[in-house]
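Shown here: protein-v6.txt, compact mmCIF, C-alpha atoms.
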# COMPACT_ATOMS: atom_id res chain seq x y z
CA MET N 189 98.86 122.79 74.94
CA LYS N 190 100.09 123.02 78.47
CA LYS N 191 97.83 124.36 81.18
CA LEU N 192 98.84 127.63 82.78
CA ILE N 193 98.15 127.29 86.47
CA LEU N 194 97.98 130.27 88.79
CA LEU N 195 97.99 129.88 92.55
CA ALA N 196 96.90 132.88 94.58
CA ILE N 197 96.14 133.37 98.24
CA ILE N 198 93.07 135.47 99.03
CA GLY N 199 92.79 135.92 102.79
CA LEU N 200 92.85 132.32 103.92
CA GLY N 201 91.69 131.17 100.49
CA ILE N 202 93.50 128.86 98.13
CA VAL N 203 92.58 129.52 94.51
CA SER N 204 93.55 127.33 91.60
CA CYS N 205 92.55 128.44 88.12
CA THR N 206 93.50 127.87 84.50
CA THR N 207 93.46 129.90 81.32
CA GLN N 208 92.43 126.89 79.24
CA ASN N 209 90.60 123.63 79.66
CA THR N 210 92.58 121.79 77.02
CA LYS N 211 93.01 118.09 77.84
CA ASN N 212 95.73 115.81 76.62
CA THR N 213 94.13 113.30 74.27
CA MET N 214 95.87 110.43 76.07
CA ASP N 215 94.15 111.54 79.31
CA LEU N 216 90.60 111.29 78.00
CA PRO N 217 90.13 107.56 78.76
CA LYS N 218 91.07 108.35 82.36
CA GLU N 219 88.54 111.14 82.84
CA TRP N 220 87.11 108.95 85.61
CA LYS N 221 90.16 109.60 87.80
CA HIS N 222 88.90 113.12 88.64
CA THR N 223 85.69 111.85 90.22
CA THR N 224 86.70 108.46 91.58
CA ASN N 225 87.28 107.17 95.09
CA ILE N 226 89.43 104.22 96.14
CA TYR N 227 88.49 101.37 98.47
CA GLU N 228 91.39 99.22 99.67
CA VAL N 229 90.54 95.52 99.82
CA ASN N 230 92.35 93.23 102.25
CA ILE N 231 91.33 89.90 100.69
CA ARG N 232 92.87 87.83 103.52
CA GLN N 233 90.86 89.52 106.25
CA TYR N 234 87.76 90.56 104.32
CA THR N 235 85.82 87.31 104.77
CA PRO N 236 86.17 84.12 106.83
CA GLU N 237 87.16 82.35 103.59
CA GLY N 238 89.66 85.02 102.58
CA THR N 239 89.20 84.32 98.87
CA PHE N 240 88.40 86.16 95.65
CA LYS N 241 85.14 84.23 95.33
CA ALA N 242 84.03 85.28 98.81
CA PHE N 243 84.92 88.91 98.23
CA GLU N 244 83.12 88.93 94.90
CA LYS N 245 79.84 88.50 96.79
CA GLU N 246 80.53 91.77 98.65
CA MET N 247 81.00 93.90 95.53
CA PRO N 248 77.31 94.76 94.94
CA ARG N 249 77.16 96.17 98.49
CA LEU N 250 80.22 98.31 97.81
CA LYS N 251 78.77 99.52 94.53
CA LYS N 252 75.59 100.55 96.37
CA MET N 253 77.78 102.44 98.86
CA GLY N 254 79.25 104.51 96.04
CA VAL N 255 82.69 102.89 95.75
CA ARG N 256 84.19 103.45 92.28
CA THR N 257 87.72 101.98 92.35
CA LEU N 258 88.82 98.80 94.14
CA TRP N 259 92.45 98.56 95.21
CA LEU N 260 93.47 94.97 95.91
CA MET N 261 96.39 94.38 98.24
CA PRO N 262 99.05 92.11 96.63
CA VAL N 263 97.56 89.06 94.95
CA THR N 264 100.88 87.35 94.18
CA PRO N 265 102.11 84.26 96.11
CA ILE N 266 104.01 84.84 99.34
CA ALA N 267 107.61 83.76 99.87
CA GLN N 268 108.00 81.08 102.52
CA GLN N 269 111.65 81.54 103.44
CA ASN N 270 112.02 83.91 106.41
CA LYS N 271 108.31 84.72 106.28
CA LYS N 272 106.68 86.51 109.19
CA GLY N 273 103.97 84.78 111.19
CA SER N 274 102.17 81.72 109.93
CA LEU N 275 100.91 83.26 106.67
CA GLY N 276 103.58 85.81 105.82
CA SER N 277 103.36 89.28 104.30
CA PRO N 278 101.57 89.85 100.99
CA TYR N 279 104.36 92.35 100.28
CA ALA N 280 106.99 89.56 100.15
CA ALA N 281 106.28 88.05 96.73
CA SER N 282 107.66 84.75 95.49
CA ASP N 283 106.54 85.28 91.89
CA TYR N 284 105.31 88.37 90.05
CA THR N 285 103.04 86.59 87.57
CA SER N 286 101.16 84.05 89.68
CA ILE N 287 98.25 84.10 92.13
CA ASN N 288 98.48 83.53 95.87
CA PRO N 289 96.72 80.15 96.31
CA GLU N 290 95.46 81.40 99.68
CA PHE N 291 93.06 83.59 97.68
CA GLY N 292 92.08 81.16 94.91
CA THR N 293 93.14 80.57 91.33
CA MET N 294 93.99 82.81 88.38
CA ASN N 295 90.59 81.97 86.92
CA ASP N 296 88.96 83.05 90.18
CA PHE N 297 90.84 86.33 89.97
CA LYS N 298 89.88 86.93 86.34
CA HIS N 299 86.24 86.15 87.13
CA MET N 300 86.30 88.67 89.98
CA ILE N 301 87.84 91.36 87.73
CA ASN N 302 85.25 90.71 85.02
CA GLU N 303 82.44 90.92 87.56
CA ALA N 304 83.89 94.12 89.00
CA HIS N 305 83.97 95.66 85.53
CA ARG N 306 80.40 94.51 84.87
CA LEU N 307 79.33 96.33 88.04
CA GLY N 308 81.13 99.47 86.90
CA PHE N 309 84.22 99.34 89.13
CA LYS N 310 87.76 100.15 88.12
CA VAL N 311 90.32 97.78 89.68
CA ILE N 312 93.93 98.51 90.58
CA ILE N 313 96.35 96.05 92.14
CA ASP N 314 99.18 96.54 94.58
CA TRP N 315 102.58 96.42 92.88
CA VAL N 316 105.68 95.81 95.01
CA ALA N 317 108.62 96.81 92.84
CA ASN N 318 111.29 97.60 95.42
CA HIS N 319 111.76 94.12 96.86
CA THR N 320 110.71 90.48 96.84
CA GLY N 321 110.67 87.62 99.32
CA TRP N 322 113.78 85.48 99.86
CA ASP N 323 112.65 82.60 97.66
CA HIS N 324 111.23 84.58 94.76
CA VAL N 325 111.81 82.72 91.49
CA TRP N 326 114.31 85.40 90.43
CA THR N 327 116.62 84.52 93.34
CA LYS N 328 117.25 81.23 91.54
CA THR N 329 116.91 82.17 87.87
CA HIS N 330 118.39 85.69 88.05
CA PRO N 331 120.28 86.31 91.32
CA GLU N 332 122.01 89.21 89.54
CA PHE N 333 118.69 91.08 89.71
CA TYR N 334 119.28 91.73 93.43
CA LEU N 335 121.38 94.08 95.51
CA LYS N 336 124.10 92.24 97.42
CA ASP N 337 125.92 92.91 100.67
CA PRO N 338 129.76 92.89 100.72
CA ASP N 339 129.61 89.22 101.76
CA GLY N 340 127.60 88.41 98.63
CA LYS N 341 124.33 87.78 100.43
CA PHE N 342 121.05 89.34 99.34
CA HIS N 343 120.50 92.81 100.80
CA ILE N 344 117.70 92.98 103.38
CA ALA N 345 115.27 95.86 102.77
CA SER N 346 115.57 98.49 105.51
CA GLY N 347 115.69 96.08 108.41
CA MET N 348 112.62 94.09 107.33
CA ASP N 349 114.16 90.65 107.34
CA ASP N 350 111.49 88.91 105.24
CA ILE N 351 112.25 90.93 102.08
CA ILE N 352 115.31 91.61 99.89
CA GLU N 353 115.94 94.53 97.57
CA LEU N 354 116.19 94.53 93.79
CA ASP N 355 118.98 96.25 91.85
CA TYR N 356 117.58 98.94 89.55
CA LYS N 357 120.93 99.45 87.91
CA ASN N 358 120.29 96.12 86.20
CA GLN N 359 118.52 96.95 82.93
CA GLU N 360 117.45 93.36 82.31
CA MET N 361 115.68 93.31 85.68
CA ARG N 362 113.85 96.52 84.81
CA LEU N 363 112.56 95.02 81.58
CA ALA N 364 111.48 91.86 83.40
CA MET N 365 109.61 93.99 85.96
CA ILE N 366 107.86 95.91 83.19
CA ASP N 367 106.92 92.66 81.45
CA ALA N 368 105.42 91.39 84.71
CA MET N 369 103.30 94.52 85.01
CA LYS N 370 102.17 94.14 81.41
CA PHE N 371 101.14 90.57 82.17
CA TRP N 372 98.43 91.68 84.61
CA VAL N 373 97.06 94.31 82.24
CA LYS N 374 96.98 91.97 79.25
CA GLU N 375 95.82 88.83 81.02
CA THR N 376 93.35 90.20 83.55
CA GLY N 377 92.34 93.65 82.31
CA ILE N 378 93.16 95.58 85.49
CA ASP N 379 92.91 99.38 85.32
CA GLY N 380 96.05 100.43 87.16
CA PHE N 381 98.52 99.98 89.97
CA ARG N 382 98.97 101.11 93.53
CA CYS N 383 102.77 101.17 93.72
CA ASP N 384 104.11 100.17 97.12
CA LEU N 385 106.94 102.34 98.47
CA ALA N 386 107.18 104.01 95.07
CA SER N 387 109.85 106.49 96.17
CA TRP N 388 112.13 103.64 97.27
CA VAL N 389 112.47 102.81 93.58
CA GLU N 390 114.44 105.15 91.30
CA VAL N 391 112.07 107.63 89.66
CA ASP N 392 113.50 106.93 86.23
CA PHE N 393 112.18 103.38 86.44
CA TRP N 394 108.61 104.68 86.75
CA GLN N 395 109.33 107.11 83.93
CA GLN N 396 110.42 104.12 81.86
CA ALA N 397 107.67 101.73 82.98
CA ARG N 398 104.54 103.83 82.71
CA PRO N 399 104.63 104.61 78.96
CA GLU N 400 105.66 101.03 78.19
CA VAL N 401 102.83 99.45 80.17
CA GLU N 402 100.35 102.03 78.88
CA LYS N 403 100.98 100.92 75.32
CA ILE N 404 98.33 98.34 76.23
CA LYS N 405 95.83 100.87 77.62
CA PRO N 406 95.77 104.02 79.79
CA LEU N 407 96.01 103.19 83.49
CA PHE N 408 95.60 104.83 86.88
CA TRP N 409 98.81 105.06 88.92
CA LEU N 410 98.68 105.61 92.68
CA GLY N 411 102.10 105.94 94.31
CA GLU N 412 102.96 105.43 97.95
CA PHE N 413 104.99 108.59 98.47
CA ASP N 414 104.30 112.14 99.60
CA GLU N 415 104.78 114.66 96.80
CA LEU N 416 105.90 117.33 99.26
CA GLU N 417 108.91 115.14 100.02
CA SER N 418 109.39 113.51 96.58
CA PRO N 419 108.19 116.08 94.00
CA GLU N 420 109.89 114.40 91.05
CA TYR N 421 107.66 111.32 91.49
CA GLY N 422 104.55 113.47 91.21
CA LYS N 423 105.32 114.02 87.54
CA VAL N 424 104.82 110.30 86.88
CA PHE N 425 101.89 109.29 89.09
CA ASP N 426 98.24 110.29 88.91
CA ALA N 427 97.95 110.41 92.69
CA SER N 428 100.17 110.09 95.74
CA TYR N 429 99.83 109.63 99.48
CA SER N 430 99.31 112.52 101.90
CA TRP N 431 101.53 110.98 104.56
CA LYS N 432 102.63 114.32 105.96
CA TRP N 433 99.01 115.39 106.41
CA MET N 434 98.07 112.12 108.08
CA HIS N 435 100.91 112.32 110.60
CA LYS N 436 100.44 116.03 111.19
CA SER N 437 96.69 115.68 111.72
CA ALA N 438 97.23 112.84 114.20
CA ASP N 439 99.74 114.97 116.10
CA TYR N 440 97.32 117.90 115.98
CA TYR N 441 94.72 115.87 117.85
CA LYS N 442 96.93 113.93 120.23
CA LYS N 443 99.39 116.72 121.05
CA ASN N 444 97.00 119.68 120.86
CA GLU N 445 99.00 121.36 118.11
CA PRO N 446 97.61 124.56 116.48
CA LEU N 447 94.99 124.07 113.76
CA GLN N 448 96.69 126.82 111.78
CA GLU N 449 99.61 124.44 111.18
CA LEU N 450 97.22 122.05 109.42
CA LYS N 451 95.87 124.90 107.30
CA ASP N 452 99.40 125.93 106.39
CA LEU N 453 100.14 122.35 105.35
CA LEU N 454 97.07 122.32 103.10
CA LEU N 455 98.40 125.42 101.41
CA GLN N 456 101.69 123.60 100.76
CA TYR N 457 99.84 120.72 99.14
CA SER N 458 97.76 123.12 97.04
CA LYS N 459 100.88 124.82 95.72
CA ILE N 460 101.84 121.53 94.06
CA GLY N 461 99.11 122.21 91.52
CA ASP N 462 96.76 119.90 89.66
CA HIS N 463 99.08 117.90 87.44
CA SER N 464 98.63 115.16 90.04
CA MET N 465 96.35 114.46 93.00
CA ARG N 466 96.72 113.58 96.65
CA ALA N 467 94.97 110.58 98.22
CA TRP N 468 93.37 111.52 101.55
CA PHE N 469 92.60 108.85 104.14
CA THR N 470 92.07 108.16 107.81
CA ALA N 471 93.01 104.45 107.63
CA ASN N 472 94.83 101.95 105.45
CA HIS N 473 96.41 98.54 105.99
CA ASP N 474 99.66 99.90 107.45
CA GLU N 475 98.01 102.41 109.75
CA ASN N 476 95.35 100.01 110.96
CA SER N 477 97.73 97.15 111.77
CA TRP N 478 100.68 99.06 113.19
CA ASN N 479 99.45 102.44 114.46
CA GLY N 480 95.78 101.86 115.17
CA THR N 481 92.34 102.51 113.76
CA GLU N 482 91.16 105.99 112.85
CA TYR N 483 89.40 106.11 116.21
CA GLU N 484 92.65 105.50 118.05
CA LYS N 485 94.32 108.32 116.10
CA TYR N 486 91.51 110.84 115.83
CA ALA N 487 88.88 109.86 118.42
CA VAL N 488 86.13 112.54 118.35
CA ILE N 489 87.34 114.10 115.10
CA ALA N 490 87.39 110.79 113.20
CA LYS N 491 84.18 111.59 111.30
CA PRO N 492 85.15 115.20 110.51
CA MET N 493 88.47 113.87 109.20
CA ALA N 494 86.61 111.37 107.01
CA VAL N 495 84.48 114.19 105.63
CA PHE N 496 87.64 116.14 104.87
CA SER N 497 89.17 113.15 103.04
CA ALA N 498 86.13 112.92 100.76
CA THR N 499 85.78 116.62 99.98
CA TRP N 500 89.25 118.22 99.76
CA ASN N 501 91.04 118.41 96.41
CA GLY N 502 92.21 114.90 95.50
CA VAL N 503 90.91 111.35 95.75
CA PRO N 504 89.33 109.77 98.87
CA LEU N 505 90.80 106.47 100.02
CA MET N 506 88.96 104.04 102.32
CA TYR N 507 90.11 100.82 103.95
CA SER N 508 88.26 97.53 104.41
CA GLY N 509 85.76 97.69 107.25
CA GLN N 510 85.54 101.44 107.74
CA GLU N 511 81.87 101.24 106.83
CA LEU N 512 81.16 99.13 109.95
CA PRO N 513 83.07 100.86 111.58
CA ASN N 514 85.91 98.42 112.29
CA MET N 515 87.26 99.25 115.74
CA LYS N 516 90.17 96.81 115.91
CA ARG N 517 93.67 96.46 114.52
CA LEU N 518 93.79 93.63 112.01
CA GLU N 519 96.65 91.15 112.26
CA PHE N 520 99.01 91.43 109.32
CA PHE N 521 100.70 88.02 109.18
CA GLU N 522 97.86 85.89 110.55
CA LYS N 523 94.25 85.22 109.69
CA ASP N 524 92.14 87.83 111.49
CA ALA N 525 88.86 88.27 109.62
CA ILE N 526 86.86 91.46 109.93
CA LYS N 527 83.86 90.90 112.21
CA TRP N 528 81.10 92.03 109.87
CA THR N 529 77.58 92.77 111.05
CA ASN N 530 74.47 93.44 109.00
CA THR N 531 74.18 97.01 110.23
CA TYR N 532 77.08 98.74 108.43
CA GLN N 533 76.52 101.79 110.61
CA MET N 534 78.81 104.04 108.59
CA ALA N 535 77.71 102.91 105.12
CA GLU N 536 75.13 105.67 104.57
CA PHE N 537 77.59 108.27 105.85
CA TYR N 538 80.21 107.16 103.33
CA LYS N 539 77.65 106.67 100.55
CA THR N 540 76.50 110.27 100.91
CA LEU N 541 80.06 111.56 100.73
CA LEU N 542 81.24 109.27 97.92
CA GLU N 543 78.23 110.03 95.74
CA LEU N 544 78.72 113.76 96.26
CA LYS N 545 82.37 113.40 95.29
CA THR N 546 81.36 111.59 92.09
CA SER N 547 78.45 113.82 91.08
CA ASN N 548 79.38 117.38 92.03
CA PRO N 549 81.83 119.14 89.66
CA ALA N 550 83.05 121.31 92.56
CA LEU N 551 84.69 118.21 94.10
CA ARG N 552 86.60 117.09 91.02
CA GLY N 553 90.13 116.17 92.05
CA GLY N 554 93.12 117.40 90.11
CA ASP N 555 91.03 119.83 88.07
CA ALA N 556 92.49 123.33 87.77
CA ASN N 557 89.01 124.72 87.06
CA VAL N 558 88.07 124.10 90.69
CA ALA N 559 88.86 126.85 93.18
CA THR N 560 89.24 126.05 96.88
CA TYR N 561 88.85 128.71 99.59
CA LEU N 562 89.71 128.30 103.24
CA LEU N 563 87.04 130.39 104.97
CA ASN N 564 87.51 132.78 107.86
CA THR N 565 85.45 132.05 111.00
CA THR N 566 85.19 133.44 114.50
CA ALA N 567 86.80 130.19 115.71
CA ASN N 568 89.71 129.69 113.31
CA ASP N 569 91.60 127.77 115.98
CA LYS N 570 88.86 125.11 116.20
CA ILE N 571 86.93 125.12 112.93
CA LEU N 572 88.08 124.06 109.48
CA ALA N 573 85.74 125.57 106.89
CA TYR N 574 86.26 125.66 103.15
CA LEU N 575 84.38 126.28 99.93
CA ARG N 576 85.06 124.56 96.62
CA LYS N 577 83.78 126.15 93.40
CA ASN N 578 83.58 125.02 89.79
CA GLY N 579 81.53 127.46 87.74
CA ASN N 580 78.08 127.61 89.31
CA ASP N 581 78.66 124.50 91.40
CA GLU N 582 79.78 125.02 95.01
CA VAL N 583 80.35 122.74 98.00
CA LEU N 584 80.73 124.12 101.53
CA VAL N 585 82.40 121.99 104.22
CA VAL N 586 82.47 122.95 107.92
CA LEU N 587 84.26 120.72 110.45
CA ASN N 588 84.59 120.87 114.22
CA MET N 589 88.24 119.96 114.69
CA SER N 590 88.19 120.53 118.44
CA LYS N 591 87.37 118.42 121.47
CA GLU N 592 84.56 120.71 122.61
CA PRO N 593 81.24 122.18 121.44
CA ILE N 594 81.62 125.56 119.77
CA ASN N 595 79.36 128.39 118.58
CA PHE N 596 80.85 130.37 115.72
CA THR N 597 80.17 132.40 112.61
CA ILE N 598 81.65 132.18 109.14
CA GLU N 599 82.88 135.67 108.27
CA ASP N 600 83.83 135.39 104.63
CA GLU N 601 82.50 137.13 101.53
CA ASN N 602 83.16 134.05 99.41
CA LEU N 603 80.14 132.33 101.01
CA SER N 604 76.72 133.51 99.86
CA GLY N 605 73.43 132.17 98.56
CA THR N 606 71.26 129.14 99.30
CA PHE N 607 72.75 125.68 99.83
CA ARG N 608 71.35 122.22 100.60
CA ASN N 609 72.73 120.11 103.46
CA ILE N 610 73.67 116.77 101.87
CA PHE N 611 72.97 114.78 105.05
CA ASP N 612 69.59 116.08 106.25
CA ARG N 613 68.59 117.69 102.89
CA THR N 614 67.53 120.95 104.54
CA LYS N 615 68.16 124.24 102.75
CA ARG N 616 69.97 127.21 104.19
CA ASP N 617 70.30 130.77 102.91
CA PHE N 618 73.70 132.07 103.99
CA ASN N 619 72.75 135.60 102.96
CA SER N 620 70.50 135.55 106.05
CA GLY N 621 73.16 134.39 108.48
CA LYS N 622 76.24 132.27 108.83
CA ASP N 623 76.04 131.20 112.48
CA PHE N 624 76.69 127.62 113.57
CA ASN N 625 76.20 125.74 116.86
CA PHE N 626 78.40 122.64 116.74
CA LYS N 627 78.59 119.80 119.21
CA VAL N 628 81.71 117.66 119.57
CA SER N 629 82.35 115.64 116.38
CA ASP N 630 79.97 117.81 114.33
CA TYR N 631 80.36 118.49 110.64
CA SER N 632 78.24 119.99 107.87
CA VAL N 633 78.45 119.64 104.11
CA PHE N 634 76.32 121.75 101.77
CA GLU N 635 76.01 121.93 98.00
CA LYS N 636 74.68 124.85 95.98

Rewritten as structure tokens:
Amino acid sequence: MKKLILLAIIGLGIVSCTTQNTKNTMDLPKEWKHTTNIYEVNIRQYTPEGTFKAFEKEMPRLKKMGVRTLWLMPVTPIAQQNKKGSLGSPYAASDYTSINPEFGTMNDFKHMINEAHRLGFKVIIDWVANHTGWDHVWTKTHPEFYLKDPDGKFHIASGMDDIIELDYKNQEMRLAMIDAMKFWVKETGIDGFRCDLASWVEVDFWQQARPEVEKIKPLFWLGEFDELESPEYGKVFDASYSWKWMHKSADYYKKNEPLQELKDLLLQYSKIGDHSMRAWFTANHDENSWNGTEYEKYAVIAKPMAVFSATWNGVPLMYSGQELPNMKRLEFFEKDAIKWTNTYQMAEFYKTLLELKTSNPALRGGDANVATYLLNTTANDKILAYLRKNGNDEVLVVLNMSKEPINFTIEDENLSGTFRNIFDRTKRDFNSGKDFNFKVSDYSVFEK
């Protein structure tokens, strides 16, 4: 039976509820998607070796940090014709069913996947369906698979001269693409796909591909699109990007825009409902390389923004090196290994958040049983405070989104009772007072 979802606004609160908790039988094997988090792995830059074998040694550390799902950037070989830099872009494939020798062999990849599964990880791989590199095998065996310019030449993808676009009117190409996706599920046992530029591909392809590929097993599908701008894609994917939020939050900090505009945007996302989730992040490979680290974008609110990403309705997404923290832009077309230290200064911070996300039912993403309330404070222009409830389980999040210290009070009847601070483990009875004294960059997370 279909869920009946009701969205109501109570004060500043966003409430999502359901009349039934009936689950589609096909969804049961993917119950993990509601409590997971995603860690993006840049194999090239992760270690000095830049190989699957080298990364495999890092997986126990990531498991200890609370990571649940590994997203591997493209593992396919890179086209050499018109490539950028000395190594080229992983997003310019030369073959959809082979391994990039830069990273190792197919056996190395399978060994890494098996080890990841043994440790309890789910693994999704980047899938680049919109375009290929110039010397992809299809350019020779099936040139009709590609869009062509009036002069008959392959069509360059949106000004990026190292990639050319595929023609989704060609039904044979669609079937070949689906077969390639099936290959990775059958041969390596991956658990899903992160679909690059998903909204650049016709939505009916994804509608065609997903049920076909899932004849093998249920998968997790993360699409690179914003559901506010491409709502039809949200009906196909389990989760999508929150691009609008990321850009708006960066503008909020850099341009001193009103915090209320961010709250209004959150309401827009919540109105989408829980048939799909949003992925919340402060960094990824594109942002880091081209627009800067989270500290360049958010500066003193970088940690509050990370707390938000892990606790709002959806799925948290981290990028390689954020646990250090990595303070530099990583080269995209050249070797530029992350400069790891043995301190991992942010690891405990992320571990605390990721484990809370996994364990507390109030933080389940895409679950219509969870209600989310934006709380009223005496500093609504500087403080983002919200409460998430699922039955008797509650999580309170309070973030200083300003560039200054602030004393304030939460004035909201939705908050009551005794909570435990997840970072310092102290208890607080909010029936006795709701005052806060925040320094710059401060945040608090409590669970009931």

One residue among N:Gly605, N:Pro278, N:Pro513, N:Pro492 is nearest to Lys591 of chain N when using all atoms listed in the file, and that residue is N:Pro492

Please, which residues are within 9 Å of (88.4, 131.1, 108.7) by the file's coordinates, counting all atoms listed in the file, and could they come as a CSV table (one decimal) with C-alpha atoms, keeping the file's coordinate frame?
chain,number,residue,atom,x,y,z
N,199,GLY,CA,92.8,135.9,102.8
N,200,LEU,CA,92.8,132.3,103.9
N,201,GLY,CA,91.7,131.2,100.5
N,562,LEU,CA,89.7,128.3,103.2
N,563,LEU,CA,87.0,130.4,105.0
N,564,ASN,CA,87.5,132.8,107.9
N,565,THR,CA,85.4,132.0,111.0
N,566,THR,CA,85.2,133.4,114.5
N,567,ALA,CA,86.8,130.2,115.7
N,568,ASN,CA,89.7,129.7,113.3
N,569,ASP,CA,91.6,127.8,116.0
N,571,ILE,CA,86.9,125.1,112.9
N,572,LEU,CA,88.1,124.1,109.5
N,573,ALA,CA,85.7,125.6,106.9
N,574,TYR,CA,86.3,125.7,103.2
N,598,ILE,CA,81.6,132.2,109.1
N,599,GLU,CA,82.9,135.7,108.3
N,600,ASP,CA,83.8,135.4,104.6

Using only C-alpha atoms, find the one residue out of N:Asn625, N:Asn580, N:Ser418, N:Ser346 that sits nearest to Phe607 of chain N.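 Looking only at the distances to Phe607 of chain N, the closest residue turns out to be N:Asn580.
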
Any idea what the distance is between atom CA of Val503 of chain N and atom CA of Ala467 of chain N? 4.8 Å

Do a neighbour search on Met348 of chain N at 12 Å with only C-alpha atoms, toss out local chain neighbours closer than 2 positions, and write the hits as a list in words.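 That gives Asn270, Lys271, Lys272, Ser277, Tyr279, Ala280, His319, Thr320, Gly321, Trp322, His343, Ile344, Ala345, Ser346, Asp350, Ile351, Ile352 and Glu353 of chain N.
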
Between atom CA of Ser547 of chain N and atom CA of His463 of chain N, distance in Å (one decimal):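 Separation between atom CA of Ser547 of chain N and atom CA of His463 of chain N: 21.3 Å.
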
Between N:Trp478, N:Trp431, N:Tyr284, N:Phe243, smallest distance to Phe520 of chain N by all atoms listed in the file belongs to N:Trp478
